[in-house]
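Written out below as structure tokens is the structure these notes cover.
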Amino acid sequence: MTATHTPHTTHPTGTPHATRYLYLTRHGEATPDEGALTPTGRRQATLLGERLRGVPLSAIHHGPLPRAAETARLIGDQLDGVPAHACEPAGDYVPYTPRRDELPADSADFLLEFVHRFPPEERARGPQLARAAEERFTGPVDGPEDRHELVVTHNFLIGWLVRAVLDAPKWRWLGLNQCNAALTVIRCPPPGRPPSVLFSNDMAHLPAPLRWTGYPPELRITS
């Protein structure tokens, strides 16, 4: 993967801004108790690290749960001294609970039943963490140099951040599924240009037997 450079611009206040490239991945395949990665998950993480060797990453942020931390460590093992640290906003939580009147009538029951499977305390705190994640990981960067950062996280937050940069309705994080160790890249340019999703759920670094894990069985593509 070859990094690109965007000429910086200067905000009317006089502060220069450059482009943020946000690399998002879901942790590798986890064991049934979610306490560690499976052999498949470890291999997925290693291959993603190999793919990212050509990217000038400045940091690896990861959620606090073991499956995210282990994925980040294995990715970092393939890179040259990129610092990694746990970050609560990169964790696993429900970013937003929609109201019925926000949802398409024909799927409202299904979507609400899914969201309400999660504990009320998790749903209550999720929006605060989601806002913190947006503030920390999206938007242009101050200064003249582009920044490339990796966030090793979970399915829901990737869907939320993709939704946010596309300015889609808040409920639309639902249905944006991510495979284990797939790669999504968001570009946040200086003010005056909209952010964009460069690609989403990309598994080019994974051989066929390691793809599509983490998807519901009915959504898996086998050919």
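Going by the structure tokens order, chains are called A, B, ..., each with residues numbered from 1, while ligands are numbered from 1 in the order shown.
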- Where does DSSP see helix (DSSP H, G or I) in range 55-122 of chain A, if you list the residues as a PyMOL selection string? chain A and resi 66-77+88-90+100-102+108-115+120-122
- Task: Excluding Glu102 in chain A and any residue of its chain fewer than 2 positions from it, enumerate the residues within 9 Å of it, using only C-alpha atoms, and give them as a list in words.
- Result: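 Once the nearby chain positions are removed, what remains is Pro98, Arg99, Arg100, Pro104, Ala105, Ala108, Pro169, Lys170 and Trp171 of chain A.
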Could you pull the residues within 12 Å of Val82 in chain A, counting only C-alpha atoms, minus those fewer than 6 positions along the same chain, as a compact mmCIF listing (two decimals) with all heavy atoms, in the first residue's frame?
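As written to disk, out17.txt reads:
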```txt
# COMPACT_ATOMS: atom_id res chain seq x y z
N GLY A 49 -0.73 -6.69 9.16
CA GLY A 49 0.48 -5.95 9.48
C GLY A 49 1.45 -5.91 8.31
O GLY A 49 2.05 -4.87 8.01
N LEU A 52 0.41 -3.35 5.80
CA LEU A 52 0.56 -1.95 6.23
C LEU A 52 2.01 -1.50 6.34
O LEU A 52 2.26 -0.36 6.74
CB LEU A 52 -0.14 -1.76 7.58
CG LEU A 52 -1.67 -1.90 7.56
CD1 LEU A 52 -2.22 -1.91 8.98
CD2 LEU A 52 -2.30 -0.77 6.75
N ARG A 53 2.95 -2.34 5.99
CA ARG A 53 4.36 -1.97 6.14
C ARG A 53 4.74 -0.71 5.37
O ARG A 53 5.62 0.03 5.79
CB ARG A 53 5.25 -3.13 5.69
CG ARG A 53 5.38 -4.24 6.72
CD ARG A 53 6.21 -5.38 6.19
NE ARG A 53 6.33 -6.47 7.16
CZ ARG A 53 6.72 -7.69 6.86
NH1 ARG A 53 7.03 -8.00 5.59
NH2 ARG A 53 6.80 -8.62 7.79
N VAL A 55 2.92 1.92 4.89
CA VAL A 55 2.15 3.09 5.32
C VAL A 55 2.90 3.80 6.44
O VAL A 55 3.33 3.16 7.40
CB VAL A 55 0.75 2.65 5.82
CG1 VAL A 55 -0.01 3.85 6.36
CG2 VAL A 55 -0.02 1.98 4.68
N PRO A 56 3.06 5.12 6.37
CA PRO A 56 3.78 5.84 7.43
C PRO A 56 2.92 6.07 8.67
O PRO A 56 2.62 7.21 9.06
CB PRO A 56 4.15 7.16 6.74
CG PRO A 56 3.05 7.39 5.76
CD PRO A 56 2.69 6.02 5.25
N LEU A 57 2.52 4.99 9.31
CA LEU A 57 1.65 5.10 10.48
C LEU A 57 2.39 5.79 11.63
O LEU A 57 3.54 5.47 11.91
CB LEU A 57 1.19 3.72 10.93
CG LEU A 57 0.22 2.98 10.01
CD1 LEU A 57 0.02 1.55 10.50
CD2 LEU A 57 -1.12 3.69 9.93
N SER A 58 1.68 6.68 12.29
CA SER A 58 2.26 7.35 13.46
C SER A 58 1.81 6.72 14.76
O SER A 58 2.45 6.91 15.80
CB SER A 58 1.87 8.84 13.46
OG SER A 58 0.46 8.99 13.52
N ALA A 59 0.71 5.94 14.73
CA ALA A 59 0.21 5.35 15.97
C ALA A 59 -0.77 4.23 15.64
O ALA A 59 -1.42 4.23 14.59
CB ALA A 59 -0.49 6.39 16.83
N ILE A 60 -0.86 3.27 16.56
CA ILE A 60 -1.88 2.24 16.54
C ILE A 60 -2.72 2.42 17.81
O ILE A 60 -2.22 2.29 18.92
CB ILE A 60 -1.28 0.82 16.52
CG1 ILE A 60 -0.40 0.63 15.29
CG2 ILE A 60 -2.39 -0.23 16.55
CD1 ILE A 60 0.37 -0.69 15.31
N HIS A 61 -3.98 2.74 17.64
CA HIS A 61 -4.92 2.82 18.76
C HIS A 61 -5.72 1.52 18.76
O HIS A 61 -6.11 1.02 17.70
CB HIS A 61 -5.88 3.99 18.58
CG HIS A 61 -5.22 5.28 18.20
ND1 HIS A 61 -4.62 6.11 19.13
CD2 HIS A 61 -5.07 5.89 16.99
CE1 HIS A 61 -4.13 7.17 18.51
NE2 HIS A 61 -4.38 7.06 17.22
N ALA A 72 -3.71 -5.80 17.68
CA ALA A 72 -2.81 -4.65 17.54
C ALA A 72 -1.36 -5.05 17.74
O ALA A 72 -0.46 -4.58 17.02
CB ALA A 72 -3.21 -3.56 18.54
N ARG A 73 -1.12 -5.92 18.71
CA ARG A 73 0.26 -6.35 18.95
C ARG A 73 0.83 -7.11 17.75
O ARG A 73 1.97 -6.88 17.34
CB ARG A 73 0.31 -7.23 20.20
CG ARG A 73 1.71 -7.76 20.50
CD ARG A 73 1.73 -8.66 21.72
NE ARG A 73 0.89 -9.83 21.58
CZ ARG A 73 1.23 -10.92 20.87
NH1 ARG A 73 2.40 -10.96 20.23
NH2 ARG A 73 0.42 -11.95 20.80
N LEU A 74 0.04 -8.00 17.18
CA LEU A 74 0.51 -8.78 16.04
C LEU A 74 0.73 -7.91 14.81
O LEU A 74 1.67 -8.12 14.04
CB LEU A 74 -0.47 -9.91 15.74
CG LEU A 74 -0.52 -11.02 16.79
CD1 LEU A 74 -1.74 -11.91 16.56
CD2 LEU A 74 0.76 -11.84 16.75
N ILE A 75 -0.14 -6.93 14.61
CA ILE A 75 0.08 -5.98 13.52
C ILE A 75 1.37 -5.20 13.77
O ILE A 75 2.22 -5.05 12.88
CB ILE A 75 -1.12 -5.01 13.40
CG1 ILE A 75 -2.35 -5.77 12.91
CG2 ILE A 75 -0.79 -3.86 12.45
CD1 ILE A 75 -3.63 -4.96 12.96
N GLY A 76 1.53 -4.70 14.99
CA GLY A 76 2.71 -3.92 15.33
C GLY A 76 4.00 -4.70 15.17
O GLY A 76 5.05 -4.12 14.84
N HIS A 148 -1.23 9.49 9.39
CA HIS A 148 -1.78 8.17 9.13
C HIS A 148 -1.86 7.42 10.47
O HIS A 148 -0.83 7.24 11.14
CB HIS A 148 -0.89 7.39 8.16
CG HIS A 148 -0.76 8.04 6.81
ND1 HIS A 148 -1.40 7.55 5.69
CD2 HIS A 148 -0.07 9.15 6.41
CE1 HIS A 148 -1.11 8.32 4.65
NE2 HIS A 148 -0.30 9.28 5.06
N GLU A 149 -3.07 7.00 10.85
CA GLU A 149 -3.27 6.32 12.12
C GLU A 149 -4.12 5.07 11.90
O GLU A 149 -5.02 5.06 11.06
CB GLU A 149 -3.98 7.22 13.12
CG GLU A 149 -3.20 8.48 13.49
CD GLU A 149 -4.04 9.41 14.33
OE1 GLU A 149 -4.92 10.08 13.77
OE2 GLU A 149 -3.82 9.46 15.55
N LEU A 150 -3.83 4.04 12.67
CA LEU A 150 -4.59 2.80 12.62
C LEU A 150 -5.40 2.65 13.91
O LEU A 150 -4.86 2.86 15.01
CB LEU A 150 -3.65 1.60 12.47
CG LEU A 150 -4.28 0.21 12.60
CD1 LEU A 150 -5.25 -0.06 11.46
CD2 LEU A 150 -3.18 -0.86 12.65
```
Please, which residues in range 149-181 of chain A fall within 12 Å of range 84-90 of chain A when counting only C-alpha atoms, and what is the closest atom pair and distance in Å to one decimal for each, ordered by chain then residue number, as JSON lines?
```
{"residue": "A:Glu149", "atom": "CA", "partner": "A:Ala84", "partner_atom": "CA", "distance": 10.3}
{"residue": "A:Leu150", "atom": "CA", "partner": "A:Ala84", "partner_atom": "CA", "distance": 9.2}
{"residue": "A:Val151", "atom": "CA", "partner": "A:Ala90", "partner_atom": "CA", "distance": 7.0}
{"residue": "A:Val152", "atom": "CA", "partner": "A:Ala90", "partner_atom": "CA", "distance": 7.2}
{"residue": "A:Thr153", "atom": "CA", "partner": "A:Ala90", "partner_atom": "CA", "distance": 5.4}
{"residue": "A:His154", "atom": "CA", "partner": "A:Ala90", "partner_atom": "CA", "distance": 7.7}
{"residue": "A:Asn155", "atom": "CA", "partner": "A:Ala90", "partner_atom": "CA", "distance": 10.6}
{"residue": "A:Phe156", "atom": "CA", "partner": "A:Ala90", "partner_atom": "CA", "distance": 10.1}
{"residue": "A:Leu157", "atom": "CA", "partner": "A:Ala90", "partner_atom": "CA", "distance": 7.2}
{"residue": "A:Ile158", "atom": "CA", "partner": "A:Ala90", "partner_atom": "CA", "distance": 9.3}
{"residue": "A:Trp160", "atom": "CA", "partner": "A:Ala90", "partner_atom": "CA", "distance": 11.3}
{"residue": "A:Leu161", "atom": "CA", "partner": "A:Ala90", "partner_atom": "CA", "distance": 10.8}
```
- Can you work out which one of A:His17, A:His205, A:Arg220, A:Arg211 has the shortest atom-to-atom distance to Thr46 in chain A, counting only C-alpha atoms? A:His205
- Item | Separation of CA of Ala181 in chain A from CA of Leu219 in chain A, in Å and rounded to one decimal |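 Computed distance, CA of Ala181 in chain A to CA of Leu219 in chain A, equals 16.6 Å.
Interatomic distance, CA of Val185 in chain A against CA of Glu134 in chain A: 14.5 Å.
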- Message: Env of range 18-22 of chain A: 7 Å cut, atoms = only C-alpha atoms, seq-sep filter 4 positions within chain, self excluded. Answer as an NGL selection string.
- Response: :A and (6 or 8-9 or 139-150 or 185-190)
Expected file: the selected residues, all heavy atoms, as a short mmCIF file (atom, residue, chain, number, x, y, z; two decimals), in the first residue's frame:
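Written file, part-v1.cif:
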```cif
data_model
loop_
_atom_site.label_atom_id
_atom_site.label_comp_id
_atom_site.auth_asym_id
_atom_site.auth_seq_id
_atom_site.Cartn_x
_atom_site.Cartn_y
_atom_site.Cartn_z
N THR A 6 -1.21 15.02 0.46
CA THR A 6 -2.11 16.09 0.07
C THR A 6 -1.52 17.43 0.51
O THR A 6 -1.17 17.59 1.69
CB THR A 6 -3.48 15.91 0.75
OG1 THR A 6 -3.97 14.61 0.43
CG2 THR A 6 -4.46 16.97 0.29
N HIS A 8 -1.10 20.85 2.15
CA HIS A 8 -1.87 21.38 3.26
C HIS A 8 -2.49 22.72 2.88
O HIS A 8 -2.08 23.38 1.93
CB HIS A 8 -1.00 21.50 4.50
CG HIS A 8 -0.02 22.63 4.45
ND1 HIS A 8 1.24 22.51 3.92
CD2 HIS A 8 -0.13 23.93 4.86
CE1 HIS A 8 1.88 23.67 4.01
NE2 HIS A 8 1.06 24.53 4.58
N THR A 9 -3.50 23.09 3.64
CA THR A 9 -4.12 24.40 3.46
C THR A 9 -4.05 25.15 4.78
O THR A 9 -3.76 24.58 5.83
CB THR A 9 -5.60 24.25 3.05
OG1 THR A 9 -6.30 23.56 4.09
CG2 THR A 9 -5.73 23.48 1.75
N GLY A 139 -11.65 14.08 11.21
CA GLY A 139 -11.37 15.50 11.00
C GLY A 139 -9.93 15.70 10.56
O GLY A 139 -9.08 14.81 10.71
N PRO A 140 -9.62 16.87 9.97
CA PRO A 140 -8.25 17.16 9.55
C PRO A 140 -7.33 17.29 10.76
O PRO A 140 -7.78 17.36 11.90
CB PRO A 140 -8.38 18.48 8.80
CG PRO A 140 -9.60 19.13 9.41
CD PRO A 140 -10.53 18.00 9.74
N VAL A 141 -6.03 17.32 10.49
CA VAL A 141 -5.05 17.46 11.57
C VAL A 141 -4.47 18.86 11.55
O VAL A 141 -4.34 19.49 10.50
CB VAL A 141 -3.94 16.41 11.46
CG1 VAL A 141 -4.51 15.02 11.63
CG2 VAL A 141 -3.21 16.51 10.13
N ASP A 142 -4.14 19.36 12.73
CA ASP A 142 -3.45 20.63 12.82
C ASP A 142 -1.99 20.46 12.41
O ASP A 142 -1.35 19.47 12.77
CB ASP A 142 -3.51 21.18 14.25
CG ASP A 142 -4.93 21.53 14.67
OD1 ASP A 142 -5.76 21.78 13.78
OD2 ASP A 142 -5.20 21.55 15.88
N GLY A 143 -1.47 21.42 11.66
CA GLY A 143 -0.09 21.35 11.24
C GLY A 143 0.03 21.05 9.76
O GLY A 143 -0.96 20.74 9.08
N PRO A 144 1.24 21.08 9.22
CA PRO A 144 1.44 20.96 7.78
C PRO A 144 1.58 19.53 7.27
O PRO A 144 1.61 19.32 6.06
CB PRO A 144 2.74 21.74 7.55
CG PRO A 144 3.51 21.52 8.82
CD PRO A 144 2.48 21.50 9.91
N GLU A 145 1.69 18.54 8.15
CA GLU A 145 1.99 17.18 7.71
C GLU A 145 0.76 16.27 7.80
O GLU A 145 0.05 16.28 8.80
CB GLU A 145 3.11 16.58 8.58
CG GLU A 145 4.44 17.31 8.46
CD GLU A 145 5.01 17.24 7.05
OE1 GLU A 145 4.80 16.20 6.38
OE2 GLU A 145 5.66 18.21 6.63
N ASP A 146 0.54 15.48 6.75
CA ASP A 146 -0.51 14.48 6.79
C ASP A 146 -0.24 13.48 7.91
O ASP A 146 0.92 13.24 8.28
CB ASP A 146 -0.58 13.73 5.46
CG ASP A 146 -1.07 14.59 4.31
OD1 ASP A 146 -1.57 15.71 4.57
OD2 ASP A 146 -0.94 14.15 3.15
N ARG A 147 -1.31 12.88 8.43
CA ARG A 147 -1.17 11.91 9.51
C ARG A 147 -1.88 10.62 9.12
O ARG A 147 -3.00 10.65 8.60
CB ARG A 147 -1.77 12.45 10.80
CG ARG A 147 -1.59 11.51 12.00
CD ARG A 147 -2.26 12.07 13.25
NE ARG A 147 -1.75 13.39 13.58
CZ ARG A 147 -2.33 14.20 14.48
NH1 ARG A 147 -3.44 13.82 15.10
NH2 ARG A 147 -1.80 15.38 14.74
N HIS A 148 -1.23 9.49 9.39
CA HIS A 148 -1.78 8.17 9.13
C HIS A 148 -1.86 7.42 10.47
O HIS A 148 -0.83 7.24 11.14
CB HIS A 148 -0.89 7.39 8.16
CG HIS A 148 -0.76 8.04 6.81
ND1 HIS A 148 -1.40 7.55 5.69
CD2 HIS A 148 -0.07 9.15 6.41
CE1 HIS A 148 -1.11 8.32 4.65
NE2 HIS A 148 -0.30 9.28 5.06
N GLU A 149 -3.07 7.00 10.85
CA GLU A 149 -3.27 6.32 12.12
C GLU A 149 -4.12 5.07 11.90
O GLU A 149 -5.02 5.06 11.06
CB GLU A 149 -3.98 7.22 13.12
CG GLU A 149 -3.20 8.48 13.49
CD GLU A 149 -4.04 9.41 14.33
OE1 GLU A 149 -4.92 10.08 13.77
OE2 GLU A 149 -3.82 9.46 15.55
N LEU A 150 -3.83 4.04 12.67
CA LEU A 150 -4.59 2.80 12.62
C LEU A 150 -5.40 2.65 13.91
O LEU A 150 -4.86 2.86 15.01
CB LEU A 150 -3.65 1.60 12.47
CG LEU A 150 -4.28 0.21 12.60
CD1 LEU A 150 -5.25 -0.06 11.46
CD2 LEU A 150 -3.18 -0.86 12.65
N VAL A 185 -10.47 2.51 5.00
CA VAL A 185 -9.66 3.73 5.08
C VAL A 185 -10.53 4.94 4.82
O VAL A 185 -11.25 5.01 3.81
CB VAL A 185 -8.47 3.71 4.10
CG1 VAL A 185 -7.68 5.01 4.20
CG2 VAL A 185 -7.56 2.52 4.39
N ILE A 186 -10.48 5.88 5.74
CA ILE A 186 -11.21 7.14 5.66
C ILE A 186 -10.21 8.28 5.47
O ILE A 186 -9.17 8.32 6.12
CB ILE A 186 -12.04 7.37 6.94
CG1 ILE A 186 -13.20 6.36 7.01
CG2 ILE A 186 -12.57 8.79 7.02
CD1 ILE A 186 -13.94 6.37 8.33
N ARG A 187 -10.54 9.18 4.58
CA ARG A 187 -9.68 10.35 4.31
C ARG A 187 -10.41 11.59 4.79
O ARG A 187 -11.53 11.88 4.36
CB ARG A 187 -9.39 10.45 2.82
CG ARG A 187 -8.53 11.63 2.41
CD ARG A 187 -8.28 11.58 0.91
NE ARG A 187 -7.43 12.66 0.45
CZ ARG A 187 -7.88 13.84 0.02
NH1 ARG A 187 -9.20 14.07 0.00
NH2 ARG A 187 -7.04 14.77 -0.37
N CYS A 188 -9.78 12.34 5.70
CA CYS A 188 -10.35 13.58 6.24
C CYS A 188 -9.46 14.74 5.81
O CYS A 188 -8.42 15.00 6.44
CB CYS A 188 -10.44 13.51 7.76
SG CYS A 188 -11.50 12.18 8.38
N PRO A 189 -9.80 15.44 4.74
CA PRO A 189 -8.94 16.51 4.21
C PRO A 189 -9.09 17.81 4.98
O PRO A 189 -9.96 17.92 5.87
CB PRO A 189 -9.44 16.65 2.78
CG PRO A 189 -10.89 16.33 2.88
CD PRO A 189 -11.01 15.25 3.94
N PRO A 190 -8.29 18.81 4.66
CA PRO A 190 -8.43 20.12 5.30
C PRO A 190 -9.80 20.73 5.03
O PRO A 190 -10.52 20.28 4.14
CB PRO A 190 -7.31 20.94 4.66
CG PRO A 190 -6.31 19.94 4.19
CD PRO A 190 -7.12 18.75 3.76
#
```
- Task: List every residue of range 48-138 of chain A that DSSP, applied to the backbone, labels as strand (DSSP E or B), and write the result as a list in words.
- Result: Leu57, Ser58, Ala59, Ile60, His61, His62, Ala84, His85 and Ala86 of chain A
- Message: Between A:Gln128, A:Gln44, A:Ala204, A:Tyr23, which residue has the minimum interatomic distance to Val162 in chain A, considering only C-alpha atoms?
- Response: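 Distance minimum relative to Val162 in chain A lands on A:Tyr23.
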- Which residue gives the smallest distance to Phe114 in chain A among A:Ala36, A:Ala168, A:Val94, A:Ala130, with only C-alpha atoms counted? A:Val94
- Message: Would you compute the distance between CA of Asn177 in chain A and CA of Phe199 in chain A? Give it in Å to one decimal.
- Response: 13.7 Å
- Task: Excluding Leu65 in chain A and residues on its chain fewer than 5 positions from it, collect all residues at most 9 Å away from it, counting only C-alpha atoms, and give them as a list in words.
- Result: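 Near Leu65 in chain A, the qualifying residues are Glu34, Gly35, Glu70, Ala86, Gly91 and Asp92 of chain A.
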Could you write those residues out with N, CA, C and O atoms, as a short mmCIF file (atom, residue, chain, number, x, y, z; two decimals), in the first residue's frame?
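Wrote selection.cif, looks like this:
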```
data_model
loop_
_atom_site.label_atom_id
_atom_site.label_comp_id
_atom_site.auth_asym_id
_atom_site.auth_seq_id
_atom_site.Cartn_x
_atom_site.Cartn_y
_atom_site.Cartn_z
N GLU A 34 -14.18 -15.10 23.43
CA GLU A 34 -13.66 -13.79 23.03
C GLU A 34 -12.48 -13.34 23.88
O GLU A 34 -12.15 -12.16 23.92
N GLY A 35 -11.81 -14.30 24.54
CA GLY A 35 -10.68 -13.95 25.38
C GLY A 35 -9.36 -13.89 24.66
O GLY A 35 -8.37 -13.41 25.23
N GLU A 70 -4.58 -7.98 21.28
CA GLU A 70 -3.72 -9.00 20.64
C GLU A 70 -3.58 -8.73 19.15
O GLU A 70 -2.48 -8.87 18.59
N ALA A 86 -3.82 1.30 24.28
CA ALA A 86 -5.25 1.06 24.48
C ALA A 86 -5.98 2.39 24.59
O ALA A 86 -5.47 3.36 25.16
N GLY A 91 -13.21 0.99 21.81
CA GLY A 91 -13.72 -0.27 22.33
C GLY A 91 -14.99 -0.75 21.67
O GLY A 91 -15.40 -0.25 20.62
N ASP A 92 -15.62 -1.73 22.30
CA ASP A 92 -16.80 -2.40 21.76
C ASP A 92 -18.03 -1.91 22.51
O ASP A 92 -18.19 -2.19 23.71
#
```
- Task: Using only C-alpha atoms, find the one residue out of A:Pro95, A:Phe118, A:Ser200, A:Arg193 that sits nearest to Leu176 in chain A.
- Result: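 Once distances to Leu176 in chain A are computed over only C-alpha atoms, the minimum belongs to A:Ser200.
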